[in-house]
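A quick write-up on the structure given underneath.
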Number of protein chains: 2
Amino acid sequence: MINKPVTIYDIAKKLNLAPSTISRGLKRHSSVSHRTQERIIKTAEEMGYRANTFAINLRNRKTSTIGIIVPKLNSYFMSQVIAGIEGVVNNAGYTLLISQSLEDVSKEIINVQTMFDNRVAGLLVSLAENTKETSHFNRIQKQGIPVLFFDRTPMGNDLPAITINNESAGYKVTKHLIEQGAKRIVHITGNQLSNVYRERLAGYRRALQEFKLPFDTQNVLINDLSEQAGIDAAHSIIKLMADGVFVANDHCAASCMHELKHSGKKIPEDIVIAGFNNDMISRIVDPALTTVDYPGFQMGELAAKNLLAHIAERIDINLTSNIILKTPLLIRASSVRKI
Amino acid sequence: MINKPVTIYDIAKKLNLAPSTISRGLKRHSSVSHRTQERIIKTAEEMGYRANTFAINLRNRKTSTIGIIVPKLNSYFMSQVIAGIEGVVNNAGYTLLISQSLEDVSKEIINVQTMFDNRVAGLLVSLAENTKETSHFNRIQKQGIPVLFFDRTPMGNDLPAITINNESAGYKVTKHLIEQGAKRIVHITGNQLSNVYRERLAGYRRALQEFKLPFDTQNVLINDLSEQAGIDAAHSIIKLMADGVFVANDHCAASCMHELKHSGKKIPEDIVIAGFNNDMISRIVDPALTTVDYPGFQMGELAAKNLLAHIAERIDINLTSNIILKTPLLIRASSVRKI
DNA sequence: GAATAAAATGCAATCGATTGTAATAAATAA
DNA sequence: TTATTTATTACAATCGATTGCATTTTATTC
């Protein structure tokens, strides 16, 4: 047997009061006598009353929902970010509406509309790799809804974002590999439309230049950074006779290293290798993988806190300067040449 | 400058029509002339009209939102499940409201209320480890909202659920290790309030019994299955002089194996080891980890499809028999003794 | 006890979209 | 041309909670 949800009208009828009194009583408004407040709250409890969020949102013209749009949900890094966001947001009494663009702008555009339709109080976005411009966020921003980008952020315009310094991190990794004696370093990275991968490549180039090593486009392998891509890349690396590899994420780096070992290469003696993210896997592979610490959980928390602050204080989020997280290089066995 | 969202009243005023005509015209209701339909849709587009979801939900007394409650968002397995759910649900025009219980019933209870407050059309749940009974789902179920459990499901009562046969999987793993010559097998597992870990242990015991191996509570290590727990467990395993290890998840198994190797143990010569889940990590560690294939993505898809079918057809979900996914044993180098 | 102040409660409009029914306009038949 | 049917469009109530203002009840003062 299905019974309908209880409304303030049901409570009002039961207590012989006006709905408005119930509404005020439930939130302990001072204009309702204390005795009545207690009666209202008690019977509301008894009847199993739960406020209808839509009615509230409709009337108040705003929600307690935060939207998230990410390229892909199924990655360890992203699950960390989302867990961080959920913790903060939930604590503040907000709920989370989540969607993935599957690395496709057209779906991203639809997702933004859905978020708008649901009148989210704020939006956290990590862009799809083929998102070239961000005009699809214009309408939602014009409504005064703060939009905060993280990780994969828009290029050019200065929209508020939380990122790491990918260029500097790429530089640090490459420099380290060079210092360990690598002369021919292959860089495995992702779609160059994405700021993240473009900047890491830029850092890689800067380090090469600084140490007067030639830059060769052949040494830059662009793929989807998947497990399989790492295996394929390993074979290219051997053909290229490289002695160093800088991979733009740990999963791909781990599978690449695995394949290199199976092909008879010694790590780090023959080839030094480094990844990116400090995923769990980087600590467990053998040898442990040198990587860049990219704290997803903290990034999620920071992004959420920032967004909530803007919602609460009604400060225009576009006035915020970008936030850049520190990303220390974690040197492990995969890149340290025994002397 | 912030401009307010456009409503059907705005469109009505502009076109000198009644709001009801706009409402019908937008969905191409046959009672609105074709010419008017076009005019309405065109100006709606021009004015940037987007329907207010709350008004619709309030009026229709239902939503297009699916709720998810999971113990923890930050695990690779769960991110796979959620990605699977998101794909199906989004395709069907639904949105996803996500929350985590952080393995705590009290938060789970609050999350269920929030889901109810948001009048989700259906709810997908994986229980917190300390959830002993499920009465907090009663109210939402009484409202006719289908609740479907997955992975961590309630014990005892026959609520609809999608699971794997954990007992059988645990049995298969243990049997395999025994067949590889292991005589003293340690089982590392999680909180025994959770069906998942309890049943895997049961399977482990059944296999021991079948092969007339003694069951010793000392050999069952219960912890949080974390990376650190794996390291700690490795030392216990050495003390216990075990020659086989069955770990209830791959992450923990990988870190345990890593530590065992560092302590001088040869895998699989000295100790055979198997994990659970078929996470990416199981394929990359050296030696590759024997494990049970637990397809999170597919489970998510299946759960979502099932739930949507029940919402669409308005069939009482409690009439469904439980769905049990197949979980093949993937035998890899970590458990195969060279002859 | 009447007048006034203060406290408590009620009325009614509002948020934006939906939908049964009434009203009007257009088309057809007589 | 008038009557009748059919195609369009408008009206108004509804979903559930909120809130400014009016009204009623209670407390205080003279």
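Naming scheme: A, B, ... for chains in displayed order of the structure tokens; residues 1 onward per chain; ligands 1 onward as shown.
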
Per-residue DSSP, segment 203-334 of chain A, filtered to strand (DSSP E), as a compact mmCIF listing (two decimals) with all heavy atoms, in the first residue's frame:
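New file selection-v3.txt:
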# COMPACT_ATOMS: atom_id res chain seq x y z
N VAL A 220 57.50 12.40 -28.63
CA VAL A 220 56.26 12.71 -27.94
C VAL A 220 55.16 11.79 -28.46
O VAL A 220 54.77 11.86 -29.62
CB VAL A 220 55.86 14.18 -28.13
CG1 VAL A 220 54.54 14.46 -27.43
CG2 VAL A 220 56.95 15.10 -27.61
N LEU A 221 54.70 10.91 -27.60
CA LEU A 221 53.65 9.97 -28.00
C LEU A 221 52.33 10.42 -27.40
O LEU A 221 52.17 10.49 -26.18
CB LEU A 221 53.98 8.57 -27.48
CG LEU A 221 55.37 8.02 -27.84
CD1 LEU A 221 55.57 6.64 -27.21
CD2 LEU A 221 55.55 7.95 -29.35
N ILE A 222 51.39 10.74 -28.28
CA ILE A 222 50.08 11.19 -27.80
C ILE A 222 49.06 10.07 -27.95
O ILE A 222 48.87 9.55 -29.05
CB ILE A 222 49.64 12.46 -28.55
CG1 ILE A 222 50.60 13.60 -28.21
CG2 ILE A 222 48.19 12.82 -28.19
CD1 ILE A 222 50.33 14.88 -28.95
N GLY A 244 64.83 7.29 -21.17
CA GLY A 244 64.02 7.94 -20.14
C GLY A 244 62.60 8.08 -20.64
O GLY A 244 62.37 8.25 -21.83
N VAL A 245 61.64 7.95 -19.72
CA VAL A 245 60.23 8.09 -20.10
C VAL A 245 59.50 8.92 -19.06
O VAL A 245 59.63 8.67 -17.85
CB VAL A 245 59.53 6.72 -20.22
CG1 VAL A 245 58.10 6.89 -20.73
CG2 VAL A 245 60.31 5.76 -21.09
N PHE A 246 58.76 9.88 -19.54
CA PHE A 246 57.92 10.69 -18.66
C PHE A 246 56.49 10.51 -19.14
O PHE A 246 56.14 10.93 -20.24
CB PHE A 246 58.36 12.16 -18.72
CG PHE A 246 57.36 13.14 -18.15
CD1 PHE A 246 56.51 12.80 -17.09
CD2 PHE A 246 57.29 14.44 -18.66
CE1 PHE A 246 55.60 13.72 -16.58
CE2 PHE A 246 56.39 15.37 -18.15
CZ PHE A 246 55.54 15.00 -17.10
N VAL A 247 55.69 9.86 -18.31
CA VAL A 247 54.31 9.57 -18.69
C VAL A 247 53.36 10.49 -17.92
O VAL A 247 53.57 10.72 -16.72
CB VAL A 247 53.93 8.11 -18.39
CG1 VAL A 247 52.60 7.75 -19.04
CG2 VAL A 247 55.02 7.16 -18.87
N VAL A 272 65.06 5.14 -17.25
CA VAL A 272 64.44 5.76 -16.07
C VAL A 272 63.03 6.18 -16.47
O VAL A 272 62.78 6.57 -17.60
CB VAL A 272 65.22 6.99 -15.55
CG1 VAL A 272 66.51 6.53 -14.88
CG2 VAL A 272 65.51 7.98 -16.66
N ILE A 273 62.11 6.07 -15.52
CA ILE A 273 60.72 6.36 -15.87
C ILE A 273 60.01 7.07 -14.73
O ILE A 273 60.29 6.83 -13.54
CB ILE A 273 59.98 5.05 -16.28
CG1 ILE A 273 58.53 5.33 -16.70
CG2 ILE A 273 60.03 4.02 -15.16
CD1 ILE A 273 57.88 4.15 -17.43
N ALA A 274 59.13 7.97 -15.10
CA ALA A 274 58.35 8.71 -14.10
C ALA A 274 56.92 8.86 -14.58
O ALA A 274 56.67 8.94 -15.78
CB ALA A 274 58.96 10.08 -13.86
N THR A 291 56.93 9.92 -9.27
CA THR A 291 55.71 10.56 -9.77
C THR A 291 55.55 11.95 -9.18
O THR A 291 56.35 12.40 -8.36
CB THR A 291 54.48 9.67 -9.46
OG1 THR A 291 53.35 10.15 -10.15
CG2 THR A 291 54.19 9.66 -7.96
N VAL A 292 54.49 12.62 -9.60
CA VAL A 292 54.17 13.95 -9.07
C VAL A 292 52.96 13.79 -8.18
O VAL A 292 51.96 13.21 -8.58
CB VAL A 292 53.86 14.93 -10.21
CG1 VAL A 292 53.40 16.27 -9.65
CG2 VAL A 292 55.07 15.11 -11.10
N ILE A 323 43.50 29.50 -8.08
CA ILE A 323 44.23 28.85 -7.02
C ILE A 323 45.11 27.77 -7.62
O ILE A 323 44.65 26.97 -8.44
CB ILE A 323 43.27 28.23 -5.99
CG1 ILE A 323 42.46 29.34 -5.32
CG2 ILE A 323 44.02 27.39 -4.98
CD1 ILE A 323 41.36 28.84 -4.42
N ILE A 324 46.35 27.77 -7.24
CA ILE A 324 47.27 26.77 -7.79
C ILE A 324 47.84 25.92 -6.66
O ILE A 324 48.46 26.45 -5.73
CB ILE A 324 48.41 27.46 -8.57
CG1 ILE A 324 47.80 28.19 -9.78
CG2 ILE A 324 49.44 26.44 -9.02
CD1 ILE A 324 48.78 29.06 -10.52
N LEU A 325 47.59 24.63 -6.75
CA LEU A 325 48.06 23.72 -5.70
C LEU A 325 49.52 23.34 -5.91
O LEU A 325 50.00 23.25 -7.04
CB LEU A 325 47.22 22.44 -5.73
CG LEU A 325 45.77 22.53 -5.27
CD1 LEU A 325 45.12 21.16 -5.36
CD2 LEU A 325 45.72 23.04 -3.84
N LEU A 329 57.47 16.69 -6.34
CA LEU A 329 57.97 15.53 -7.08
C LEU A 329 58.34 14.46 -6.08
O LEU A 329 59.06 14.69 -5.12
CB LEU A 329 59.21 15.96 -7.88
CG LEU A 329 59.91 14.88 -8.70
CD1 LEU A 329 59.00 14.36 -9.81
CD2 LEU A 329 61.21 15.44 -9.31
N LEU A 330 57.83 13.26 -6.29
CA LEU A 330 58.14 12.15 -5.40
C LEU A 330 59.12 11.23 -6.10
O LEU A 330 58.76 10.50 -7.03
CB LEU A 330 56.86 11.39 -5.04
CG LEU A 330 55.73 12.23 -4.42
CD1 LEU A 330 54.47 11.39 -4.22
CD2 LEU A 330 56.17 12.84 -3.08

At a cut-off of 12 Å, which residues of chain C touch chain B? Count only C-alpha atoms (C1' of nucleotides) and give the answer as a list in words.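 That gives DC15, DG16, DA17, DT18, DT19 and DG20 of chain C for chain C.
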
Given the choices D:DT24, D:DT8, D:DT19, D:DT14, which gets closest to chain A if the distance is worked out from only C-alpha atoms (C1' of nucleotides)?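 For chain A, the nearest of the given residues is D:DT19.
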
Record the distance separating atom CA of Lys183 of chain A and atom CA of Asp243 of chain A, expressed in Å with one decimal.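 Atom-to-atom, atom CA of Lys183 of chain A to atom CA of Asp243 of chain A, that is 6.6 Å.
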
DSSP-assigned helix (DSSP H, G or I) among segment 250-307 of chain B, expressed as a PyMOL selection string: chain B and resi 250-262+280-284+296-307

Could you check which of C:DT14, C:DT4, C:DT28, C:DT21 is closest to DT18 of chain D, using only C-alpha atoms (C1' of nucleotides)?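 The closest residue to DT18 of chain D is C:DT14.
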
Give the residues of chain D that lie within 8 Å of chain B; count only C-alpha atoms (C1' of nucleotides), and format the answer as a list in words.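 Result, ordered by chain then number: DA7, DT8, DT9, DA10, DT14, DC15 and DG16 of chain D.
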
Would you mind exporting the chosen residues as a PDB file, in the first residue's frame, restricted to C-alpha atoms (C1' of nucleotides)?
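Output (again-v1.pdb):
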ATOM      1  C1'  DA D   7     -10.089  23.196 -34.201  1.00  0.00           C
ATOM      2  C1'  DT D   8      -7.749  26.610 -31.128  1.00  0.00           C
ATOM      3  C1'  DT D   9      -6.950  29.081 -27.320  1.00  0.00           C
ATOM      4  C1'  DA D  10      -8.023  30.804 -22.520  1.00  0.00           C
ATOM      5  C1'  DT D  14      -3.440  22.558  -8.509  1.00  0.00           C
ATOM      6  C1'  DC D  15       1.231  20.909  -6.661  1.00  0.00           C
ATOM      7  C1'  DG D  16       3.575  22.412  -1.316  1.00  0.00           C
TER       8       DG D  16
END

So which residues touch Val147 of chain A within 8 Å, counting only C-alpha atoms (C1' of nucleotides), skipping near sequence neighbours fewer than 4 positions away, as a PyMOL selection string? chain A and resi 122-125+137+141+160+307+317

Limited to C-alpha atoms, could you put the picked residues into a file as a PDB file, in the first residue's frame?
ATOM      1  CA  GLY A 122      27.001  26.314  -8.014  1.00  0.00           C
ATOM      2  CA  LEU A 123      28.870  24.261 -10.553  1.00  0.00           C
ATOM      3  CA  LEU A 124      32.223  22.485 -10.438  1.00  0.00           C
ATOM      4  CA  VAL A 125      33.652  21.541 -13.800  1.00  0.00           C
ATOM      5  CA  PHE A 137      28.805  28.253 -19.505  1.00  0.00           C
ATOM      6  CA  GLN A 141      27.140  32.372 -15.204  1.00  0.00           C
ATOM      7  CA  PRO A 160      38.130  31.056 -11.843  1.00  0.00           C
ATOM      8  CA  LEU A 307      32.513  27.396  -4.258  1.00  0.00           C
ATOM      9  CA  ILE A 317      33.359  34.296  -8.189  1.00  0.00           C
TER      10      ILE A 317
END

Quick one: residues within 10 Å of DA29 of chain C, only C-alpha atoms (C1' of nucleotides) counted, chain neighbours fewer than 6 positions away excluded, as an MDAnalysis selection string? chainID D and resid 3:5

Keeping only N, CA, C and O atoms (P, O5', C5', C4', C3', O3' and C1' of nucleotides), write the selected residues to a file as a PDB file, in the first residue's frame.
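So the final result, stored in result.pdb, reads:
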ATOM      1  P    DA D   3     -29.619  30.112 -36.363  1.00  0.00           P
ATOM      2  O5'  DA D   3     -29.102  28.615 -36.504  1.00  0.00           O
ATOM      3  C5'  DA D   3     -29.866  27.679 -37.253  1.00  0.00           C
ATOM      4  C4'  DA D   3     -29.107  26.368 -37.349  1.00  0.00           C
ATOM      5  C3'  DA D   3     -28.623  25.831 -36.011  1.00  0.00           C
ATOM      6  O3'  DA D   3     -28.814  24.406 -35.995  1.00  0.00           O
ATOM      7  C1'  DA D   3     -26.760  26.161 -37.439  1.00  0.00           C
ATOM      8  P    DT D   4     -28.516  23.557 -34.647  1.00  0.00           P
ATOM      9  O5'  DT D   4     -27.114  22.909 -34.998  1.00  0.00           O
ATOM     10  C5'  DT D   4     -26.977  22.158 -36.210  1.00  0.00           C
ATOM     11  C4'  DT D   4     -25.531  21.720 -36.363  1.00  0.00           C
ATOM     12  C3'  DT D   4     -24.881  21.175 -35.086  1.00  0.00           C
ATOM     13  O3'  DT D   4     -24.276  19.922 -35.369  1.00  0.00           O
ATOM     14  C1'  DT D   4     -23.483  22.789 -36.098  1.00  0.00           C
ATOM     15  P    DT D   5     -23.795  18.948 -34.177  1.00  0.00           P
ATOM     16  O5'  DT D   5     -22.288  18.708 -34.615  1.00  0.00           O
ATOM     17  C5'  DT D   5     -21.994  18.441 -36.000  1.00  0.00           C
ATOM     18  C4'  DT D   5     -20.590  18.890 -36.306  1.00  0.00           C
ATOM     19  C3'  DT D   5     -19.505  18.328 -35.370  1.00  0.00           C
ATOM     20  O3'  DT D   5     -18.547  17.636 -36.149  1.00  0.00           O
ATOM     21  C1'  DT D   5     -19.203  20.650 -35.710  1.00  0.00           C
TER      22       DT D   5
END

Return as a PyMOL selection string the residues belonging to chain A that are within 7 Å of chain B, counting only C-alpha atoms. chain A and resi 1-4+50-55+57-58+73-76+79-80+83+86+96-99+117-118+142-144+254-255+258+281+284-285

Need to verify the contact set: segment 187-200 of chain A, 8 Å, only C-alpha atoms (C1' of nucleotides), exclusion of same-chain residues closer than 4 positions in sequence. Can you return it as number ranges by chain? A: 128-132, 151-155, 166-171, 204, 219-225, 233, 245-249

Applying 9 Å and only C-alpha atoms (C1' of nucleotides), which residues near DC11 of chain C remain after dropping the ones on its own chain fewer than 4 positions away? List them as a PyMOL selection string. chain D and resi 21-23

Would you save the residues of that selection, restricted to N, CA, C and O atoms (P, O5', C5', C4', C3', O3' and C1' of nucleotides), as a compact mmCIF listing (two decimals), in the first residue's frame?
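Now in again_10.txt:
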# COMPACT_ATOMS: atom_id res chain seq x y z
P DC D 21 4.17 44.48 3.82
O5' DC D 21 2.71 44.13 4.35
C5' DC D 21 1.72 43.74 3.40
C4' DC D 21 0.49 43.26 4.13
C3' DC D 21 -0.01 44.19 5.25
O3' DC D 21 -1.40 44.40 5.04
C1' DC D 21 0.11 41.97 6.03
P DA D 22 -2.20 45.45 5.92
O5' DA D 22 -3.41 44.54 6.44
C5' DA D 22 -4.09 43.69 5.52
C4' DA D 22 -4.93 42.69 6.30
C3' DA D 22 -5.78 43.31 7.41
O3' DA D 22 -7.07 42.71 7.38
C1' DA D 22 -4.35 41.66 8.33
P DT D 23 -8.24 43.24 8.33
O5' DT D 23 -8.35 42.12 9.45
C5' DT D 23 -8.45 40.74 9.06
C4' DT D 23 -8.24 39.88 10.27
C3' DT D 23 -9.06 40.28 11.50
O3' DT D 23 -9.84 39.18 11.92
C1' DT D 23 -6.80 39.86 12.09
